[in-house]
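Asks: Below is query_34.cif; it holds mmCIF, C-alpha atoms.
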```
data_model
#
loop_
_atom_site.label_atom_id
_atom_site.label_comp_id
_atom_site.auth_asym_id
_atom_site.auth_seq_id
_atom_site.Cartn_x
_atom_site.Cartn_y
_atom_site.Cartn_z
CA MET A 149 0.00 0.00 0.00
CA LYS A 150 2.82 2.36 0.96
CA LYS A 151 4.65 1.47 -2.24
CA LYS A 152 1.57 2.23 -4.36
CA LEU A 153 1.08 5.56 -2.55
CA PHE A 154 4.74 6.45 -3.14
CA ILE A 155 4.51 5.69 -6.87
CA THR A 156 1.28 7.71 -7.19
CA SER A 157 2.88 10.68 -5.40
CA LEU A 158 5.98 10.46 -7.58
CA LEU A 159 3.91 10.42 -10.77
CA SER A 160 1.92 13.43 -9.55
CA ILE A 161 5.12 15.36 -8.89
CA LEU A 162 6.53 14.49 -12.32
CA LEU A 163 3.29 15.47 -14.05
CA PHE A 164 3.17 18.76 -12.15
CA SER A 165 6.82 19.42 -12.99
CA PHE A 166 6.17 18.76 -16.69
CA GLN A 167 3.18 21.10 -16.66
CA VAL A 168 5.18 23.88 -14.99
CA ASN A 169 7.97 23.52 -17.55
CA ALA A 170 5.50 23.49 -20.44
CA ASP A 171 3.75 26.60 -19.12
CA ALA A 172 7.08 28.33 -18.64
CA PHE A 173 7.97 27.62 -22.27
CA ILE A 174 4.64 28.94 -23.53
CA ASN A 175 4.80 32.01 -21.31
CA SER A 176 8.34 32.74 -22.45
CA ARG A 177 7.20 32.75 -26.07
CA GLU A 178 4.32 35.06 -25.21
CA GLU A 179 6.69 37.36 -23.36
CA TYR A 180 9.24 37.45 -26.18
CA GLU A 181 6.54 38.05 -28.79
CA LYS A 182 5.05 40.96 -26.83
CA THR A 183 8.43 42.68 -26.67
CA GLY A 184 9.30 41.81 -30.27
CA ARG A 185 12.58 40.21 -29.18
CA VAL A 186 11.87 37.01 -31.12
CA ILE A 187 9.91 36.59 -34.36
CA TRP A 188 7.90 33.43 -35.02
CA GLU A 189 5.57 34.86 -37.66
CA VAL A 190 4.10 38.21 -38.57
CA ASN A 191 0.66 39.76 -38.55
CA THR A 192 -0.37 40.58 -42.09
CA LYS A 193 -3.43 40.25 -44.29
CA GLU A 194 -1.32 40.06 -47.44
CA LYS A 195 -0.79 36.58 -48.79
CA LEU A 196 2.92 36.60 -48.04
CA VAL A 197 5.05 33.81 -46.61
CA ALA A 198 8.78 33.47 -45.99
CA LEU A 199 10.54 30.27 -46.96
CA THR A 200 13.63 29.65 -44.85
CA PHE A 201 16.38 27.06 -45.28
CA ASP A 202 18.74 26.10 -42.45
CA ASP A 203 22.19 24.50 -42.20
CA GLY A 204 23.47 24.93 -45.76
CA PRO A 205 24.77 25.48 -48.28
CA HIS A 206 24.81 21.90 -49.58
CA PRO A 207 26.68 21.16 -52.84
CA VAL A 208 23.90 18.92 -54.24
CA PHE A 209 20.63 20.20 -52.78
CA THR A 210 21.15 23.97 -52.59
CA PRO A 211 21.58 24.34 -56.39
CA GLN A 212 18.42 22.28 -56.95
CA ILE A 213 16.50 24.40 -54.46
CA LEU A 214 17.72 27.60 -56.12
CA ASP A 215 16.60 26.30 -59.51
CA ILE A 216 13.10 25.56 -58.17
CA LEU A 217 12.85 28.96 -56.47
CA ALA A 218 13.86 30.67 -59.71
CA LYS A 219 11.23 28.71 -61.64
CA HIS A 220 8.52 30.14 -59.35
CA ASP A 221 10.06 33.60 -58.97
CA ALA A 222 10.18 32.93 -55.22
CA LYS A 223 12.63 34.47 -52.77
CA ALA A 224 13.91 32.80 -49.62
CA THR A 225 16.11 33.39 -46.60
CA PHE A 226 19.04 31.02 -46.11
CA PHE A 227 20.21 30.63 -42.51
CA VAL A 228 23.71 29.41 -43.29
CA THR A 229 26.33 27.83 -41.07
CA GLY A 230 29.81 29.28 -41.34
CA ASN A 231 31.62 25.96 -41.63
CA LYS A 232 29.54 25.11 -44.73
CA VAL A 233 30.08 28.54 -46.26
CA VAL A 234 33.85 28.05 -46.00
CA ARG A 235 33.54 24.85 -48.03
CA PHE A 236 31.00 26.03 -50.60
CA PRO A 237 31.34 29.82 -50.97
CA ASP A 238 30.20 29.88 -54.60
CA LEU A 239 26.75 28.69 -53.54
CA LEU A 240 26.49 31.56 -51.07
CA LYS A 241 27.42 33.98 -53.85
CA ARG A 242 24.74 32.46 -56.08
CA GLU A 243 22.09 32.86 -53.36
CA VAL A 244 22.88 36.57 -53.09
CA LYS A 245 23.11 37.05 -56.86
CA GLU A 246 19.63 35.57 -57.31
CA GLY A 247 18.07 37.92 -54.77
CA HIS A 248 17.83 35.70 -51.70
CA GLU A 249 18.61 36.76 -48.17
CA ILE A 250 21.54 35.42 -46.14
CA ALA A 251 21.18 34.99 -42.38
CA ASN A 252 23.38 33.72 -39.55
CA HIS A 253 22.95 30.19 -38.14
CA THR A 254 26.28 30.11 -36.21
CA PHE A 255 29.56 28.63 -37.39
CA HIS A 256 29.70 25.15 -35.84
CA HIS A 257 25.96 24.46 -35.40
CA ILE A 258 26.17 23.79 -31.65
CA TYR A 259 22.97 22.40 -30.12
CA GLY A 260 21.47 23.33 -26.75
CA ASN A 261 22.89 25.61 -24.09
CA ILE A 262 25.76 27.83 -25.10
CA THR A 263 27.60 30.55 -23.20
CA SER A 264 27.27 34.18 -24.21
CA ALA A 265 30.97 34.36 -25.06
CA ARG A 266 30.84 31.26 -27.27
CA LEU A 267 27.68 32.40 -29.07
CA SER A 268 29.19 35.83 -29.72
CA SER A 269 32.25 34.13 -31.19
CA GLU A 270 30.05 31.87 -33.36
CA LEU A 271 28.05 34.82 -34.68
CA GLU A 272 31.10 36.97 -35.32
CA GLU A 273 32.97 34.18 -37.10
CA THR A 274 29.99 33.47 -39.35
CA ASP A 275 29.44 37.17 -40.09
CA LYS A 276 33.10 37.48 -41.02
CA ILE A 277 33.07 34.58 -43.47
CA ILE A 278 29.80 35.72 -45.07
CA LYS A 279 31.16 39.23 -45.50
CA LYS A 280 34.38 37.87 -46.97
CA PHE A 281 32.56 36.19 -49.84
CA THR A 282 29.61 38.54 -50.36
CA GLY A 283 30.48 41.88 -48.79
CA LEU A 284 27.33 41.56 -46.64
CA LYS A 285 26.87 41.35 -42.89
CA PRO A 286 23.61 39.59 -42.01
CA SER A 287 21.26 40.96 -39.39
CA LEU A 288 18.99 37.95 -38.93
CA TYR A 289 19.92 34.99 -36.72
CA ARG A 290 18.22 31.68 -36.01
CA PRO A 291 19.23 29.67 -32.93
CA VAL A 292 20.31 26.12 -33.70
CA GLY A 293 17.43 23.67 -33.34
CA GLY A 294 15.14 26.53 -32.37
CA PHE A 295 16.56 26.40 -28.83
CA TYR A 296 16.37 29.75 -27.07
CA ASN A 297 16.67 31.29 -23.62
CA ASP A 298 17.52 34.69 -22.17
CA VAL A 299 21.26 34.19 -22.63
CA ILE A 300 20.92 33.30 -26.31
CA ILE A 301 18.44 36.08 -27.09
CA ASN A 302 20.24 38.80 -25.12
CA THR A 303 23.57 37.83 -26.70
CA ALA A 304 22.08 37.90 -30.18
CA LEU A 305 20.55 41.33 -29.62
CA LYS A 306 23.84 42.69 -28.26
CA ASN A 307 25.46 41.46 -31.47
CA GLY A 308 22.91 43.38 -33.57
CA LYS A 309 20.83 40.38 -34.58
CA GLU A 310 17.09 39.97 -35.02
CA VAL A 311 16.14 36.53 -33.64
CA VAL A 312 13.94 34.64 -36.10
CA LEU A 313 12.34 31.24 -35.47
CA TRP A 314 9.38 29.88 -37.45
CA SER A 315 5.61 29.40 -37.33
CA TRP A 316 4.90 26.45 -35.06
CA ASP A 317 2.62 24.76 -37.58
CA GLN A 318 5.05 25.34 -40.45
CA ASP A 319 7.95 23.14 -39.42
CA SER A 320 8.38 20.76 -42.37
CA ARG A 321 10.36 18.31 -40.18
CA ASP A 322 12.38 17.61 -43.30
CA TRP A 323 15.49 17.02 -41.22
CA ALA A 324 14.10 13.50 -40.64
CA ASN A 325 13.73 13.04 -44.42
CA PRO A 326 10.08 11.90 -44.38
CA PRO A 327 8.31 11.17 -47.69
CA ALA A 328 7.92 14.30 -49.84
CA SER A 329 4.14 13.79 -49.81
CA GLN A 330 4.16 14.11 -46.01
CA ILE A 331 6.09 17.38 -46.14
CA CYS A 332 3.71 18.74 -48.77
CA SER A 333 0.61 17.74 -46.83
CA TYR A 334 1.83 19.27 -43.59
CA ILE A 335 2.82 22.62 -45.10
CA LYS A 336 -0.28 22.98 -47.28
CA LYS A 337 -2.67 22.13 -44.47
CA GLY A 338 -1.51 24.85 -42.10
CA VAL A 339 -0.21 27.68 -44.28
CA LYS A 340 -1.56 31.18 -43.72
CA PRO A 341 -0.45 34.78 -44.42
CA GLY A 342 2.59 35.87 -42.44
CA ASN A 343 3.96 32.36 -41.91
CA ILE A 344 7.69 31.71 -41.67
CA ILE A 345 8.21 28.20 -43.05
CA LEU A 346 11.11 26.00 -41.94
CA PHE A 347 13.09 23.80 -44.32
CA HIS A 348 16.69 22.57 -44.41
CA ASP A 349 18.95 22.52 -47.45
CA TRP A 350 21.57 20.35 -45.76
CA ARG A 351 20.92 16.67 -45.19
CA GLY A 352 23.35 13.84 -44.54
CA SER A 353 26.81 14.54 -45.92
CA GLU A 354 28.04 16.48 -48.93
CA TYR A 355 27.81 13.20 -50.89
CA THR A 356 24.13 12.54 -50.12
CA GLN A 357 22.20 12.53 -53.38
CA THR A 358 18.50 12.43 -52.43
CA CYS A 359 16.47 14.81 -50.31
CA SER A 360 12.74 14.93 -49.62
CA THR A 361 12.86 18.72 -49.31
CA VAL A 362 13.88 19.07 -52.95
CA LYS A 363 11.20 16.60 -54.04
CA ALA A 364 8.49 18.44 -52.09
CA LEU A 365 9.43 22.04 -52.86
CA ASP A 366 8.13 22.31 -56.42
CA ASN A 367 4.76 20.89 -55.37
CA ILE A 368 4.52 23.27 -52.41
CA LEU A 369 5.37 26.29 -54.55
CA ASP A 370 2.78 25.24 -57.13
CA PHE A 371 0.21 25.17 -54.34
CA LEU A 372 1.27 28.58 -53.02
CA ASP A 373 1.18 30.08 -56.53
CA LYS A 374 -2.30 28.73 -57.25
CA ASN A 375 -3.59 30.07 -53.93
CA GLY A 376 -2.24 33.57 -54.47
CA TYR A 377 0.72 33.48 -52.10
CA LYS A 378 3.98 35.28 -52.73
CA CYS A 379 7.23 33.98 -51.25
CA VAL A 380 9.44 36.78 -49.91
CA THR A 381 12.51 37.08 -47.71
CA VAL A 382 12.07 37.36 -43.96
CA SER A 383 13.20 40.99 -44.06
CA GLU A 384 10.60 41.87 -46.68
CA LEU A 385 7.93 40.03 -44.71
CA LEU A 386 8.83 42.06 -41.62
CA TYR A 387 8.92 45.30 -43.57
CA ARG A 388 5.54 44.76 -45.22
CA SER A 389 3.86 43.73 -41.98
CA THR A 390 3.17 45.58 -38.76
CA GLN A 391 6.53 44.41 -37.41
CA MET A 392 9.03 46.83 -38.90
CA ILE A 393 12.64 45.75 -39.07
CA SER A 394 14.96 48.11 -37.22
CA GLU A 395 16.82 50.64 -39.32
CA SER A 396 19.91 50.03 -37.22
CA PHE A 397 20.33 46.66 -38.96
CA ALA A 398 22.77 46.34 -41.82
CA ILE A 399 20.28 44.60 -44.11
CA TYR A 400 16.71 45.76 -44.49
CA PRO A 401 14.24 46.45 -47.29
CA SER A 402 14.54 49.90 -48.79
CA LYS A 403 11.60 52.20 -48.06
CA LYS A 404 12.39 54.23 -51.17
CA GLU A 405 10.99 51.55 -53.45
CA LYS A 406 7.29 51.98 -54.16
CA THR A 407 6.94 48.97 -56.43
CA SER A 408 6.22 45.41 -55.39
CA HIS A 409 9.93 44.68 -55.55
CA ILE A 410 11.82 45.79 -52.46
CA ASP A 411 15.58 45.95 -52.76
CA LEU A 412 17.80 45.05 -49.86
CA MET A 413 20.11 47.73 -48.53
CA PHE A 414 23.65 46.57 -47.75
#
```
Could you take the file, read its structure, and then write that structure out as structure tokens?
Replies:
Amino acid sequence: MKKKLFITSLLSILLFSFQVNADAFINSREEYEKTGRVIWEVNTKEKLVALTFDDGPHPVFTPQILDILAKHDAKATFFVTGNKVVRFPDLLKREVKEGHEIANHTFHHIYGNITSARLSSELEETDKIIKKFTGLKPSLYRPVGGFYNDVIINTALKNGKEVVLWSWDQDSRDWANPPASQICSYIKKGVKPGNIILFHDWRGSEYTQTCSTVKALDNILDFLDKNGYKCVTVSELLYRSTQMISESFAIYPSKKEKTSHIDLMF
């Protein structure tokens, strides 16, 4: 009897602990959104979405993705890792040349907790290598794995970065390489104006030849085209929504343009 009571009490404590942690996570998002310190999506009535690609560039998949984006006249934001840029700088140059946005995803792609000093070093090293090959210094940053806390966010802000995550119902989960049909179904079902959609253009090793993201992308863009959506960079999405991107950032859409095309200021 005592043993059963002990187990019941232990389970109650664990359940309560889980609930507290879950609530803390939800409340932290609400708090960050209210202050504008982290962006998950934007409030807009325009049929605009931002496609984002993490972890690249990849020598096989990034060129294929760029070809598909060009076919649909779609723009995207590439959250690149510095150690991949060093190996494949020409792909970074192509992304910029074709009108896409480059953002910082750290140099070594370190998961989980990270000290402020180490994160600053990661951001600075990635900025430096991006600027070396493109002349640009990115202002957007995405924490690895979407992991965030006060240390990560405060450090990013001190380094002049806007912290960008993604819409919770627009995570393609392509990192697990599910069937392309599953990626398509998930994205199509939940898409709405102002969404920031998460993909990855790096999978496996540089020798990996197949990727569900590539297989799904053309179908997804067909769907977005037919339903009146326009794919823009994260900066343009922020600029054309109620959440204006700070003018202190090195990269932002020019307000001088009055046409549908918004140039990026470098």
Asks: Quick one: residues within 6 Å of range 283-298 of chain A, only C-alpha atoms, excluding same-chain residues fewer than 3 positions away - as a ChimeraX atom specification?
Replies: /A:251-253,259,275,279-280,301-302,309-313,397
Asks: Can you pull out the residues contacting Val380 in chain A? Cut-off 7 Å, using all atoms listed in the file, and skip same-chain residues under 5 positions away; I want them as a PyMOL selection string.
Replies: chain A and resi 196-198+222-224+385
Asks: Please provide the set of residues having any atom within 7 Å of range 345-349 of chain A, restricted to only C-alpha atoms, with same-chain residues fewer than 3 positions apart removed, written as number ranges by chain.
Replies: A: 198-206, 209-210, 314-315, 318-320, 322-323
Asks: Quick one, how far is CA of Ser389 in chain A from CA of Gln330 in chain A?
Replies: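 Atom-to-atom, CA of Ser389 in chain A and CA of Gln330 in chain A are spaced 29.9 Å apart.
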Asks: Could you write out as an MDAnalysis selection string the residues that the PyMOL selection byres ((chain A and resi 231) around 10) matches in the shown file?
Replies: chainID A and resid 203:205 228:230 232:236 254:257 273:274 277
Asks: Kindly indicate which residue among A:Glu384, A:Ile250, A:Gly352, A:Leu271 lies nearest to Gly308 in chain A, using only C-alpha atoms for the distances.
Replies: A:Leu271
